[in-house]
$ cat input.csv   # CSV, C-alpha atoms
chain,number,residue,atom,x,y,z
G,21,MET,CA,-5.2,33.1,51.0
G,22,SER,CA,-3.4,29.7,51.0
G,23,SER,CA,-1.0,29.1,48.2
G,24,CYS,CA,-1.3,25.3,48.6
G,25,PRO,CA,-4.1,24.1,46.4
G,26,ALA,CA,-5.6,20.6,47.2
G,27,LEU,CA,-4.6,19.0,43.9
G,28,PRO,CA,-3.4,15.4,43.3
G,29,ASP,CA,0.4,15.1,43.2
G,30,GLY,CA,1.8,15.6,39.7
G,31,PHE,CA,-1.5,17.0,38.3
G,32,ASP,CA,-0.8,18.9,35.0
G,33,PHE,CA,-3.3,21.3,33.5
G,34,THR,CA,-2.1,20.4,30.0
G,35,ASP,CA,-2.2,16.6,30.3
G,36,PRO,CA,-4.0,15.4,27.2
G,37,ASP,CA,-5.2,12.3,29.1
G,38,VAL,CA,-7.2,14.6,31.4
G,39,TYR,CA,-8.9,16.4,28.5
G,40,GLN,CA,-9.8,13.2,26.8
G,41,GLN,CA,-12.0,12.5,29.8
G,42,ARG,CA,-13.1,16.0,30.8
G,43,VAL,CA,-12.2,19.7,31.3
G,44,PRO,CA,-10.6,20.0,34.8
G,45,LEU,CA,-13.0,22.7,36.0
G,46,PRO,CA,-13.0,21.6,39.7
G,47,GLU,CA,-9.2,21.8,39.8
G,48,LEU,CA,-9.2,25.2,38.0
G,49,ALA,CA,-11.8,26.5,40.6
G,50,GLU,CA,-9.5,25.3,43.4
G,51,LEU,CA,-6.7,27.4,41.9
G,52,ARG,CA,-8.9,30.5,41.4
G,53,ARG,CA,-9.7,30.2,45.1
G,54,THR,CA,-6.3,29.4,46.6
G,55,ALA,CA,-3.5,30.2,44.1
G,56,PRO,CA,-4.8,32.1,41.1
G,57,VAL,CA,-1.4,32.2,39.4
G,58,TRP,CA,0.2,28.8,40.2
G,59,TRP,CA,3.4,27.1,39.2
G,60,ASN,CA,2.6,23.8,37.4
G,61,ALA,CA,5.8,21.8,37.6
G,62,GLN,CA,6.5,19.3,34.8
G,63,PRO,CA,9.2,16.7,34.4
G,64,HIS,CA,12.0,18.4,32.4
G,65,ASN,CA,11.1,19.0,28.7
G,66,THR,CA,7.6,17.4,28.8
G,67,ALA,CA,6.2,20.0,26.5
G,68,GLY,CA,9.1,20.5,24.0
G,69,PHE,CA,10.4,23.7,25.7
G,70,GLU,CA,13.5,22.4,27.6
G,71,ASP,CA,12.0,23.7,30.9
G,72,ASP,CA,10.4,22.4,34.0
G,73,GLY,CA,6.9,23.8,33.9
G,74,TYR,CA,4.7,26.9,33.4
G,75,TRP,CA,2.4,29.2,35.3
G,76,VAL,CA,-1.3,28.5,35.3
G,77,VAL,CA,-3.3,31.8,35.1
G,78,THR,CA,-6.9,31.1,36.2
G,79,ARG,CA,-8.8,34.3,36.9
G,80,HIS,CA,-10.7,36.3,34.3
G,81,ALA,CA,-8.9,39.6,35.2
G,82,ASP,CA,-5.4,38.0,35.1
G,83,VAL,CA,-6.0,36.3,31.8
G,84,LYS,CA,-7.0,39.7,30.4
G,85,ALA,CA,-4.0,41.4,31.9
G,86,VAL,CA,-1.6,38.9,30.2
G,87,SER,CA,-3.5,39.1,26.9
G,88,THR,CA,-3.4,42.8,26.7
G,89,ASN,CA,0.3,43.2,27.6
G,90,PRO,CA,2.4,41.8,24.7
G,91,GLU,CA,5.5,43.7,25.7
G,92,VAL,CA,5.8,41.7,28.9
G,93,PHE,CA,4.0,38.5,27.8
G,94,SER,CA,5.3,37.4,24.4
G,95,SER,CA,3.7,35.1,21.9
G,96,TYR,CA,6.8,35.0,19.7
G,97,GLU,CA,9.3,33.6,22.3
G,98,ASN,CA,7.9,30.1,22.6
G,99,THR,CA,4.7,30.4,20.4
G,100,ALA,CA,1.1,30.4,21.8
G,101,ILE,CA,0.9,26.6,21.9
G,102,ILE,CA,1.3,25.5,25.5
G,103,ARG,CA,2.3,21.9,24.9
G,104,PHE,CA,4.0,20.0,22.1
G,105,ASN,CA,5.7,16.8,23.0
G,106,GLU,CA,9.2,16.0,24.2
G,107,HIS,CA,10.3,15.0,20.6
G,108,MET,CA,9.5,18.4,19.2
G,109,GLN,CA,12.6,20.0,17.8
G,110,ARG,CA,13.4,23.7,18.6
G,111,ASP,CA,13.7,24.6,14.9
G,112,GLN,CA,10.2,23.2,14.4
G,113,ILE,CA,8.9,25.5,17.2
G,114,ASP,CA,10.7,28.4,15.7
G,115,MET,CA,9.2,27.8,12.3
G,116,GLN,CA,5.8,28.4,13.9
G,117,ARG,CA,6.7,32.0,14.5
G,118,LEU,CA,5.7,32.7,10.9
G,119,ILE,CA,2.1,32.2,11.9
G,120,MET,CA,0.3,35.3,13.0
G,121,LEU,CA,-0.8,33.7,16.3
G,122,ASN,CA,2.8,33.4,17.3
G,123,MET,CA,3.9,37.0,16.4
G,124,ASP,CA,4.3,40.1,18.6
G,125,PRO,CA,3.9,43.7,17.6
G,126,PRO,CA,5.0,45.4,15.4
G,127,GLU,CA,5.3,42.5,13.0
G,128,HIS,CA,1.9,41.1,14.2
G,129,THR,CA,0.3,44.5,13.7
G,130,ARG,CA,1.5,44.7,10.1
G,131,VAL,CA,0.2,41.3,9.1
G,132,ARG,CA,-3.0,41.7,11.0
G,133,GLN,CA,-3.8,45.0,9.4
G,134,ILE,CA,-3.6,43.4,6.0
G,135,VAL,CA,-5.5,40.3,6.9
G,136,GLN,CA,-8.3,42.3,8.5
G,137,ARG,CA,-9.5,43.4,5.1
G,138,GLY,CA,-11.1,40.0,4.7
G,139,PHE,CA,-12.9,40.2,8.0
G,140,THR,CA,-14.6,43.5,7.9
G,141,PRO,CA,-18.3,43.5,8.9
G,142,ARG,CA,-19.1,44.2,5.3
G,143,ALA,CA,-17.1,41.2,4.1
G,144,ILE,CA,-18.8,38.9,6.6
G,145,ARG,CA,-22.3,40.3,5.6
G,146,THR,CA,-21.7,39.5,2.0
G,147,LEU,CA,-21.2,35.9,3.0
G,148,GLU,CA,-24.3,35.7,5.1
G,149,ALA,CA,-26.9,34.7,2.4
G,150,ALA,CA,-24.6,32.0,0.9
G,151,LEU,CA,-23.9,30.6,4.4
G,152,ARG,CA,-27.5,30.6,5.4
G,153,ALA,CA,-28.4,28.6,2.3
G,154,ARG,CA,-25.4,26.2,3.0
G,155,ALA,CA,-26.5,25.7,6.6
G,156,ALA,CA,-30.0,24.8,5.5
G,157,ARG,CA,-28.6,22.3,2.9
G,158,ILE,CA,-26.2,20.7,5.4
G,159,VAL,CA,-29.0,20.1,7.9
G,160,ALA,CA,-31.5,18.9,5.3
G,161,THR,CA,-28.9,16.4,4.1
G,162,ALA,CA,-28.3,15.1,7.6
G,163,LYS,CA,-32.1,14.7,8.1
G,164,THR,CA,-32.3,12.2,5.3
G,165,GLU,CA,-29.8,10.0,7.1
G,166,GLY,CA,-32.1,9.5,10.1
G,167,SER,CA,-29.1,9.2,12.5
G,168,GLY,CA,-25.4,9.7,12.4
G,169,ASP,CA,-22.3,11.5,13.8
G,170,PHE,CA,-23.3,15.1,14.3
G,171,VAL,CA,-19.6,16.2,14.2
G,172,THR,CA,-19.0,15.0,10.6
G,173,ASP,CA,-22.6,15.4,9.3
G,174,ILE,CA,-23.2,18.9,10.5
G,175,ALA,CA,-20.7,20.6,12.8
G,176,CYS,CA,-17.6,20.4,10.6
G,177,GLU,CA,-19.4,21.3,7.3
G,178,LEU,CA,-20.4,25.0,7.7
G,179,PRO,CA,-17.0,26.2,9.1
G,180,LEU,CA,-15.2,24.4,6.2
G,181,GLN,CA,-17.6,25.8,3.6
G,182,ALA,CA,-17.3,29.3,5.1
G,183,ILE,CA,-13.5,29.2,5.0
G,184,ALA,CA,-13.6,27.9,1.4
G,185,GLU,CA,-16.1,30.6,0.5
G,186,LEU,CA,-14.1,33.4,2.3
G,187,ILE,CA,-10.8,32.5,0.7
G,188,GLY,CA,-12.2,31.4,-2.7
G,189,ILE,CA,-11.0,27.8,-2.3
G,190,PRO,CA,-12.9,25.6,-4.8
G,191,GLN,CA,-15.5,23.6,-2.8
G,192,ASP,CA,-14.1,20.4,-4.4
G,193,ASP,CA,-10.9,21.0,-2.5
G,194,ARG,CA,-12.5,21.5,0.9
G,195,ALA,CA,-12.1,17.8,1.9
G,196,LYS,CA,-8.3,18.1,1.5
G,197,ILE,CA,-8.3,21.2,3.7
G,198,PHE,CA,-10.4,19.4,6.3
G,199,ASP,CA,-8.0,16.4,6.2
G,200,TRP,CA,-4.9,18.5,6.5
G,201,SER,CA,-6.2,20.6,9.4
G,202,ASN,CA,-7.4,17.6,11.3
G,203,LYS,CA,-4.0,16.0,11.0
G,204,MET,CA,-2.2,19.2,12.2
G,205,VAL,CA,-4.0,19.3,15.5
G,206,ALA,CA,-4.6,15.6,16.2
G,207,TYR,CA,-1.0,14.7,17.0
G,208,ASP,CA,-1.9,13.9,20.7
G,209,ASP,CA,-4.6,11.5,19.9
G,210,PRO,CA,-3.3,7.9,19.3
G,211,GLU,CA,-6.7,6.7,17.9
G,212,LEU,CA,-6.2,9.0,15.0
G,213,ALA,CA,-2.7,7.5,14.6
G,214,ILE,CA,-1.3,10.8,13.5
G,215,THR,CA,2.4,11.2,14.2
G,216,GLU,CA,4.1,14.5,14.6
G,217,GLU,CA,5.7,13.9,11.1
G,218,ILE,CA,2.3,13.4,9.5
G,219,GLY,CA,1.2,16.6,11.2
G,220,VAL,CA,4.1,18.5,9.8
G,221,GLU,CA,3.7,17.0,6.3
G,222,SER,CA,0.0,18.1,6.4
G,223,ALA,CA,0.9,21.6,7.4
G,224,MET,CA,3.4,21.8,4.5
G,225,GLU,CA,0.9,20.5,2.0
G,226,LEU,CA,-1.7,23.0,3.2
G,227,ILE,CA,0.9,25.9,3.0
G,228,SER,CA,2.0,24.9,-0.5
G,229,TYR,CA,-1.6,24.6,-1.7
G,230,ALA,CA,-2.2,28.2,-0.4
G,231,MET,CA,1.0,29.5,-1.9
G,232,ASN,CA,-0.1,28.1,-5.3
G,233,LEU,CA,-3.5,29.8,-4.9
G,234,SER,CA,-1.8,33.0,-4.0
G,235,ALA,CA,0.5,32.8,-7.1
G,236,ALA,CA,-2.6,32.1,-9.3
G,237,ARG,CA,-4.4,35.2,-8.0
G,238,LYS,CA,-1.3,37.4,-8.5
G,239,GLU,CA,-1.4,36.3,-12.1
G,240,CYS,CA,-5.1,36.5,-12.5
G,241,PRO,CA,-6.9,38.6,-9.8
G,242,ALA,CA,-10.5,37.6,-8.8
G,243,LYS,CA,-13.1,39.1,-6.5
G,244,ASP,CA,-12.1,37.2,-3.4
G,245,ILE,CA,-10.1,37.6,-0.2
G,246,VAL,CA,-7.0,36.0,-1.7
G,247,THR,CA,-6.8,38.8,-4.2
G,248,ALA,CA,-7.4,41.4,-1.5
G,249,LEU,CA,-4.6,40.0,0.6
G,250,VAL,CA,-1.9,39.2,-2.0
G,251,ALA,CA,-2.5,41.4,-5.0
G,252,ALA,CA,-3.4,44.7,-3.5
G,253,GLU,CA,-0.9,47.2,-5.0
G,254,ASP,CA,0.6,50.0,-3.0
G,255,GLN,CA,-1.2,49.2,0.2
G,256,GLY,CA,0.9,46.5,1.7
G,257,ASN,CA,0.2,42.9,1.0
G,258,LEU,CA,1.1,39.4,2.1
G,259,GLY,CA,4.1,37.6,0.5
G,260,SER,CA,3.0,34.2,-0.8
G,261,ASP,CA,4.7,32.4,2.2
G,262,GLU,CA,2.9,34.7,4.6
G,263,PHE,CA,-0.4,34.0,2.9
G,264,GLY,CA,0.4,30.2,3.1
G,265,PHE,CA,0.8,30.5,6.9
G,266,PHE,CA,-2.3,32.7,7.2
G,267,VAL,CA,-4.4,29.9,5.5
G,268,LEU,CA,-2.8,27.4,7.8
G,269,LEU,CA,-4.0,29.5,10.8
G,270,LEU,CA,-7.5,29.9,9.3
G,271,ALA,CA,-7.8,26.2,8.7
G,272,VAL,CA,-7.2,25.5,12.3
G,273,ALA,CA,-8.5,28.6,14.0
G,274,GLY,CA,-11.5,29.1,11.8
G,275,ASN,CA,-12.4,25.5,11.3
G,276,GLU,CA,-11.5,23.3,14.3
G,277,THR,CA,-12.7,25.9,16.9
G,278,THR,CA,-16.0,26.7,15.4
G,279,ARG,CA,-16.7,23.0,14.7
G,280,ASN,CA,-16.1,22.2,18.3
G,281,ALA,CA,-18.2,25.1,19.6
G,282,ILE,CA,-21.1,23.8,17.4
G,283,SER,CA,-20.6,20.2,18.7
G,284,HIS,CA,-20.4,21.3,22.3
G,285,GLY,CA,-23.4,23.6,21.8
G,286,MET,CA,-25.6,20.8,20.4
G,287,HIS,CA,-24.5,18.5,23.3
G,288,ALA,CA,-25.4,21.3,25.7
G,289,PHE,CA,-28.8,21.7,24.2
G,290,LEU,CA,-29.5,18.0,24.2
G,291,THR,CA,-28.6,17.7,27.8
G,292,HIS,CA,-30.4,20.9,28.8
G,293,PRO,CA,-33.7,20.4,27.0
G,294,GLU,CA,-35.4,23.4,28.6
G,295,GLN,CA,-32.7,25.6,26.9
G,296,TRP,CA,-33.4,23.8,23.6
G,297,GLU,CA,-37.2,24.5,23.9
G,298,LEU,CA,-36.4,28.1,24.7
G,299,TYR,CA,-34.1,28.4,21.7
G,300,LYS,CA,-36.6,26.8,19.3
G,301,HIS,CA,-39.3,29.3,20.4
G,302,GLU,CA,-37.3,32.5,20.9
G,303,ARG,CA,-34.0,32.2,19.0
G,304,PRO,CA,-32.2,34.7,21.3
G,305,SER,CA,-29.4,36.6,19.7
G,306,THR,CA,-27.3,35.9,22.9
G,307,ALA,CA,-27.2,32.1,22.3
G,308,ALA,CA,-24.0,32.0,20.1
G,309,GLU,CA,-21.9,33.8,22.8
G,310,GLU,CA,-23.1,31.5,25.5
G,311,ILE,CA,-22.3,28.5,23.3
G,312,VAL,CA,-18.7,29.8,22.9
G,313,ARG,CA,-18.4,30.5,26.7
G,314,TRP,CA,-19.7,27.0,27.5
G,315,ALA,CA,-17.6,25.2,25.0
G,316,THR,CA,-14.4,27.3,25.2
G,317,PRO,CA,-12.9,25.5,22.2
G,318,VAL,CA,-9.4,26.7,23.0
G,319,GLN,CA,-8.8,25.8,26.6
G,320,SER,CA,-5.5,27.6,26.9
G,321,PHE,CA,-2.7,29.4,25.1
G,322,GLN,CA,0.6,30.5,26.5
G,323,ARG,CA,2.8,33.6,26.6
G,324,THR,CA,6.5,33.9,27.8
G,325,ALA,CA,7.6,36.5,30.2
G,326,THR,CA,10.1,39.0,28.6
G,327,CYS,CA,11.2,40.3,32.0
G,328,ASP,CA,10.7,39.6,35.7
G,329,THR,CA,7.1,40.6,36.6
G,330,GLU,CA,4.4,40.1,39.2
G,331,LEU,CA,0.9,38.7,38.5
G,332,GLY,CA,-1.8,37.7,40.9
G,333,GLY,CA,0.6,37.6,43.8
G,334,ALA,CA,3.2,35.4,41.9
G,335,GLU,CA,6.7,36.4,41.1
G,336,ILE,CA,7.2,35.5,37.4
G,337,LYS,CA,10.8,35.3,36.1
G,338,GLN,CA,12.0,36.3,32.7
G,339,GLY,CA,11.7,33.3,30.3
G,340,ASP,CA,8.9,31.6,32.3
G,341,ARG,CA,6.0,30.2,30.3
G,342,VAL,CA,2.6,31.6,31.4
G,343,GLY,CA,-0.5,29.6,30.5
G,344,VAL,CA,-3.8,31.6,30.1
G,345,PHE,CA,-6.6,29.2,30.9
G,346,TYR,CA,-9.7,30.6,29.1
G,347,ALA,CA,-11.8,27.7,30.4
G,348,SER,CA,-11.1,28.9,33.9
G,349,ALA,CA,-11.7,32.6,33.1
G,350,ASN,CA,-15.1,31.6,31.5
G,351,ASN,CA,-16.2,30.0,34.7
G,352,ASP,CA,-15.0,32.7,37.1
G,353,PRO,CA,-17.8,33.4,39.5
G,354,GLU,CA,-16.4,36.9,40.1
G,355,VAL,CA,-17.6,37.7,36.6
G,356,PHE,CA,-20.4,35.3,35.8
G,357,ASP,CA,-23.5,34.5,37.9
G,358,HIS,CA,-23.8,30.8,38.1
G,359,PRO,CA,-21.2,30.0,35.5
G,360,GLU,CA,-22.0,26.3,35.8
G,361,ARG,CA,-25.4,27.0,34.2
G,362,PHE,CA,-25.8,26.8,30.4
G,363,ASP,CA,-28.0,29.9,29.9
G,364,ILE,CA,-28.5,31.1,26.3
G,365,THR,CA,-30.1,34.4,27.5
G,366,ARG,CA,-26.9,35.3,29.5
G,367,ASP,CA,-26.3,39.0,29.1
G,368,PRO,CA,-23.9,40.6,29.5
G,369,ASN,CA,-21.5,37.8,28.7
G,370,PRO,CA,-17.9,39.0,28.8
G,371,HIS,CA,-16.4,35.5,28.1
G,372,LEU,CA,-12.9,35.1,26.8
G,373,GLY,CA,-13.6,32.3,24.3
G,374,PHE,CA,-12.3,34.5,21.6
G,375,GLY,CA,-9.2,35.5,23.6
G,376,GLY,CA,-8.6,37.9,26.4
G,377,GLY,CA,-8.5,41.1,24.3
G,378,GLY,CA,-5.3,42.7,23.1
G,379,PRO,CA,-3.6,42.2,19.8
G,380,HIS,CA,-4.5,38.5,19.4
G,381,PHE,CA,-8.2,38.9,19.9
G,382,CYS,CA,-9.9,36.5,17.5
G,383,LEU,CA,-10.0,38.0,14.0
G,384,GLY,CA,-12.9,35.7,13.0
G,385,LYS,CA,-15.2,36.4,15.9
G,386,SER,CA,-18.0,37.9,13.8
G,387,LEU,CA,-17.8,35.1,11.3
G,388,ALA,CA,-17.8,32.4,14.0
G,389,THR,CA,-20.8,33.8,15.8
G,390,LEU,CA,-22.6,34.1,12.5
G,391,GLU,CA,-21.9,30.5,11.6
G,392,ILE,CA,-23.1,29.3,15.0
G,393,ASP,CA,-26.3,31.4,14.7
G,394,LEU,CA,-27.0,30.1,11.2
G,395,ILE,CA,-26.4,26.4,11.9
G,396,PHE,CA,-28.6,26.4,15.1
G,397,ASN,CA,-31.4,28.2,13.4
G,398,ALA,CA,-31.3,25.7,10.6
G,399,ILE,CA,-31.2,22.8,13.1
G,400,ALA,CA,-34.1,24.2,15.1
G,401,ASP,CA,-36.1,24.6,11.8
G,402,THR,CA,-35.4,21.2,10.4
G,403,LEU,CA,-34.3,18.9,13.2
G,404,PRO,CA,-36.2,20.1,16.2
G,405,ASP,CA,-36.6,16.7,17.8
G,406,MET,CA,-32.9,15.6,17.6
G,407,THR,CA,-31.9,13.2,20.5
G,408,LEU,CA,-28.6,12.0,21.8
G,409,ALA,CA,-27.7,8.4,20.9
G,410,SER,CA,-24.5,8.2,23.0
G,411,GLU,CA,-22.1,10.3,25.0
G,412,PRO,CA,-19.6,12.4,23.0
G,413,ARG,CA,-16.2,11.0,22.4
G,414,ARG,CA,-13.6,13.6,23.3
G,415,LEU,CA,-10.3,14.5,21.5
G,416,ARG,CA,-7.1,13.7,23.3
G,417,SER,CA,-5.4,17.2,23.2
G,418,ALA,CA,-3.4,19.3,25.6
G,419,TRP,CA,-5.1,22.6,24.7
G,420,LEU,CA,-8.2,22.0,22.4
G,421,ASN,CA,-11.6,21.1,23.9
G,422,GLY,CA,-12.6,18.8,21.0
G,423,ILE,CA,-15.4,16.4,20.3
G,424,LYS,CA,-14.4,13.7,17.9
G,425,GLU,CA,-17.8,12.0,17.6
G,426,LEU,CA,-21.4,12.8,18.8
G,427,ARG,CA,-23.9,10.1,17.8
G,428,VAL,CA,-27.4,11.5,17.5
G,429,ASN,CA,-30.8,10.6,16.1
G,430,TYR,CA,-32.0,13.3,13.8
G,431,ALA,CA,-35.7,12.6,14.1

$ encode --input "input.csv" --output "structure tokens"
Amino acid sequence: MSSCPALPDGFDFTDPDVYQQRVPLPELAELRRTAPVWWNAQPHNTAGFEDDGYWVVTRHADVKAVSTNPEVFSSYENTAIIRFNEHMQRDQIDMQRLIMLNMDPPEHTRVRQIVQRGFTPRAIRTLEAALRARAARIVATAKTEGSGDFVTDIACELPLQAIAELIGIPQDDRAKIFDWSNKMVAYDDPELAITEEIGVESAMELISYAMNLSAARKECPAKDIVTALVAAEDQGNLGSDEFGFFVLLLAVAGNETTRNAISHGMHAFLTHPEQWELYKHERPSTAAEEIVRWATPVQSFQRTATCDTELGGAEIKQGDRVGVFYASANNDPEVFDHPERFDITRDPNPHLGFGGGGPHFCLGKSLATLEIDLIFNAIADTLPDMTLASEPRRLRSAWLNGIKELRVNYA
């Protein structure tokens, strides 16, 4: 096996300019073949971490190995975000360790056990009827427009309403949550003119909003997840700052990712009409998982090696950053027959779109797949003849596979 992949000089798998155009699947396939764990050199401090690059982990099995071994591969050390920018201050990076995504056990275990109360199968089932009605309403409203931007008209609405419903955020406040969470992840996209400062401000506003909500529930409990998380006596609960950071995580992890899965899913259906016909007639329960595999809304996260270790033939040193590339794992031909095919009947489908297992496996997986199911069922019922009006416009981001705009004709 050669360890010299045929890549252009200076190619960087976290370059936001690349992702604004496309997901670098051919380059990732080249690495899977020639150098499954490959050192991606970067000019010093490109990503905000005062270092010279990171390892790219491309194979399904290796992504799982990193994900399930938090003792060796830490989320806490440098957070799970693989690229900030060179202006990012170390104290701002360290602040992000308060978010569950960036914790290691045992602290991660404690917080996750509390938060899980809101995501039990029973909790999700109780939302289902309300979300089904909301999905129908969202799609019916879009139909009256005749044409529009699928992302803002349809894709972003259900995840937002679901989060608001789950947490008990008044629906009138949901536009604020949408705005804040957009600004927090859009710092790489110049068209959105969001500076790092605006991103940080938005995060602080969202956190203080959540902290106020938490204080109100402590005073006056209600039948909602906030009360379950902050006011549960004697069984461990979240401090109001912890709750604030949890809502921050939900706003991005539960909103942006599902919205992008829905947008990519619609684009996939509109460019694979035979799959859309099949979906409309049969509504296979396997569709949502294939949409997530195909979209892989989070392209990559990172871990940091806590000791010298070996992975996929590479010698990784303590302190090295290690990028797990879910987009590559989800296209690994060792695991998926014809991964390049969008196939809504794919089964089994052991994709890593919700993470590679281990302590950080996506808490909201059942809620996300429910939302995807509900929205596509509603679209198939009400907008069966939707057509593409123009190619999607992609988000400029180092780690999110985002669609900013998808113009469609609804009828």

$ closest_residue --input "input.csv" --among "G:Asp367, G:Val131, G:Leu270, G:Asn98" --to "G:Asp111" --atoms "all atoms listed in the file"
G:Asn98

$ closest_atom_pairs --input "input.csv" --of "stretch 266-369 of chain G" --to "stretch 192-203 of chain G" --cutoff "12 Å" --atoms "all atoms listed in the file" --output "JSON lines"
{"residue": "G:Val267", "atom": "CA", "partner": "G:Ile197", "partner_atom": "CA", "distance": 9.7}
{"residue": "G:Leu268", "atom": "CA", "partner": "G:Ser201", "partner_atom": "CA", "distance": 7.8}
{"residue": "G:Leu269", "atom": "CA", "partner": "G:Ser201", "partner_atom": "CA", "distance": 9.3}
{"residue": "G:Leu270", "atom": "CA", "partner": "G:Ser201", "partner_atom": "CA", "distance": 9.4}
{"residue": "G:Ala271", "atom": "CA", "partner": "G:Ser201", "partner_atom": "CA", "distance": 5.9}
{"residue": "G:Val272", "atom": "CA", "partner": "G:Ser201", "partner_atom": "CA", "distance": 5.8}
{"residue": "G:Ala273", "atom": "CA", "partner": "G:Ser201", "partner_atom": "CA", "distance": 9.5}
{"residue": "G:Gly274", "atom": "CA", "partner": "G:Ser201", "partner_atom": "CA", "distance": 10.3}
{"residue": "G:Asn275", "atom": "CA", "partner": "G:Ser201", "partner_atom": "CA", "distance": 8.1}
{"residue": "G:Glu276", "atom": "CA", "partner": "G:Asn202", "partner_atom": "CA", "distance": 7.6}
{"residue": "G:Thr277", "atom": "CA", "partner": "G:Ser201", "partner_atom": "CA", "distance": 11.3}
{"residue": "G:Arg279", "atom": "CA", "partner": "G:Phe198", "partner_atom": "CA", "distance": 11.1}

$ atom_distance --input "input.csv" --atom1 "atom CA of G:Asp35" --atom2 "atom CA of G:Arg103"
8.8 Å

$ closest_residue --input "input.csv" --among "G:Ala100, G:Ala409, G:Val250, G:Ala61" --to "G:Gln116" --atoms "all atoms listed in the file"
G:Ala100

$ closest_residue --input "input.csv" --among "G:Asn421, G:Ser228, G:Thr66, G:Thr316" --to "G:Phe104" --atoms "all atoms listed in the file"
G:Thr66

$ residues_around --input "input.csv" --residues "G:Phe31" --least-positions-apart "4" --cutoff "12 Å" --atoms "all atoms listed in the file" --output "list in words"
Pro25, Ala26, Leu27, Asp35, Pro36, Asp37, Val38, Pro44, Glu47, Leu48, Trp59, Asn60, Ala61, Gln62, Pro63, Gly73 and Val76 of chain G

$ closest_residue --input "input.csv" --among "G:Pro370, G:Gly384, G:Gly256, G:Pro353" --to "G:Pro141" --atoms "all atoms listed in the file"
G:Gly384

$ closest_residue --input "input.csv" --among "G:Met108, G:Val342, G:Ala334, G:Ala223" --to "G:Met204" --atoms "all atoms listed in the file"
G:Ala223

$ closest_residue --input "input.csv" --among "G:Thr88, G:Asn105, G:Leu180, G:His80" --to "G:Thr215" --atoms "all atoms listed in the file"
G:Asn105

$ atom_distance --input "input.csv" --atom1 "atom CA of G:Leu151" --atom2 "atom CA of G:Leu298"
24.0 Å

$ residues_around --input "input.csv" --residues "G:Ala155" --least-positions-apart "5" --cutoff "9 Å" --atoms "only C-alpha atoms" --output "list of chain:residue names"
G:Ala150, G:Ala160, G:Ile174, G:Glu177, G:Leu178, G:Glu391, G:Leu394, G:Ile395, G:Phe396, G:Asn397, G:Ala398, G:Ile399

$ axis_aligned_box --input "input.csv" --around "stretch 338-347 of chain G" --padding-each-side "4 Å" --output "lines of an AutoDock Vina configuration file"
center_x = 0.1
center_y = 32.0
center_z = 30.9
size_x = 31.8
size_y = 16.6
size_z = 11.6

$ atom_distance --input "input.csv" --atom1 "atom CA of G:Ile423" --atom2 "atom CA of G:Asp357"
26.5 Å

$ residues_around --input "input.csv" --residues "G:Ala288" --least-positions-apart "4" --cutoff "10 Å" --atoms "all atoms listed in the file" --output "list in words"
Ile282, Ser283, His284, His292, Pro293, Gln295, Trp296, Ile311, Trp314, Ala315, Phe362 and Asp363 of chain G

$ residues_around --input "input.csv" --residues "G:Glu262" --least-positions-apart "4" --cutoff "9 Å" --atoms "all atoms listed in the file" --output "mmCIF file with C-alpha atoms, in the coordinates of the input"
data_model
loop_
_atom_site.group_PDB
_atom_site.id
_atom_site.type_symbol
_atom_site.label_atom_id
_atom_site.label_comp_id
_atom_site.auth_asym_id
_atom_site.auth_seq_id
_atom_site.Cartn_x
_atom_site.Cartn_y
_atom_site.Cartn_z
ATOM 1 C CA LEU G 118 5.700 32.700 10.900
ATOM 2 C CA ILE G 119 2.100 32.200 11.900
ATOM 3 C CA MET G 120 0.300 35.300 13.000
ATOM 4 C CA VAL G 131 0.200 41.300 9.100
ATOM 5 C CA MET G 231 1.000 29.500 -1.900
ATOM 6 C CA LEU G 258 1.100 39.400 2.100
ATOM 7 C CA PHE G 266 -2.300 32.700 7.200
ATOM 8 C CA VAL G 267 -4.400 29.900 5.500
#

$ build_atoms --input "input.csv" --residues "stretch 405-409 of chain G" --atoms "N, CA, C and O atoms" --output "compact mmCIF listing (two decimals), in the frame of the given file"
# COMPACT_ATOMS: atom_id res chain seq x y z
N ASP G 405 -36.39 17.78 16.82
CA ASP G 405 -36.60 16.70 17.80
C ASP G 405 -35.33 15.79 17.88
O ASP G 405 -35.41 14.61 18.26
N MET G 406 -34.17 16.33 17.53
CA MET G 406 -32.90 15.60 17.60
C MET G 406 -32.73 15.03 19.04
O MET G 406 -33.05 15.71 20.01
N THR G 407 -32.21 13.80 19.14
CA THR G 407 -31.90 13.20 20.50
C THR G 407 -30.48 12.67 20.46
O THR G 407 -29.93 12.33 19.40
N LEU G 408 -29.93 12.55 21.66
CA LEU G 408 -28.60 12.00 21.80
C LEU G 408 -28.64 10.50 21.75
O LEU G 408 -29.48 9.87 22.38
N ALA G 409 -27.74 9.90 20.96
CA ALA G 409 -27.70 8.40 20.90
C ALA G 409 -26.61 7.87 21.77
O ALA G 409 -26.73 6.74 22.25
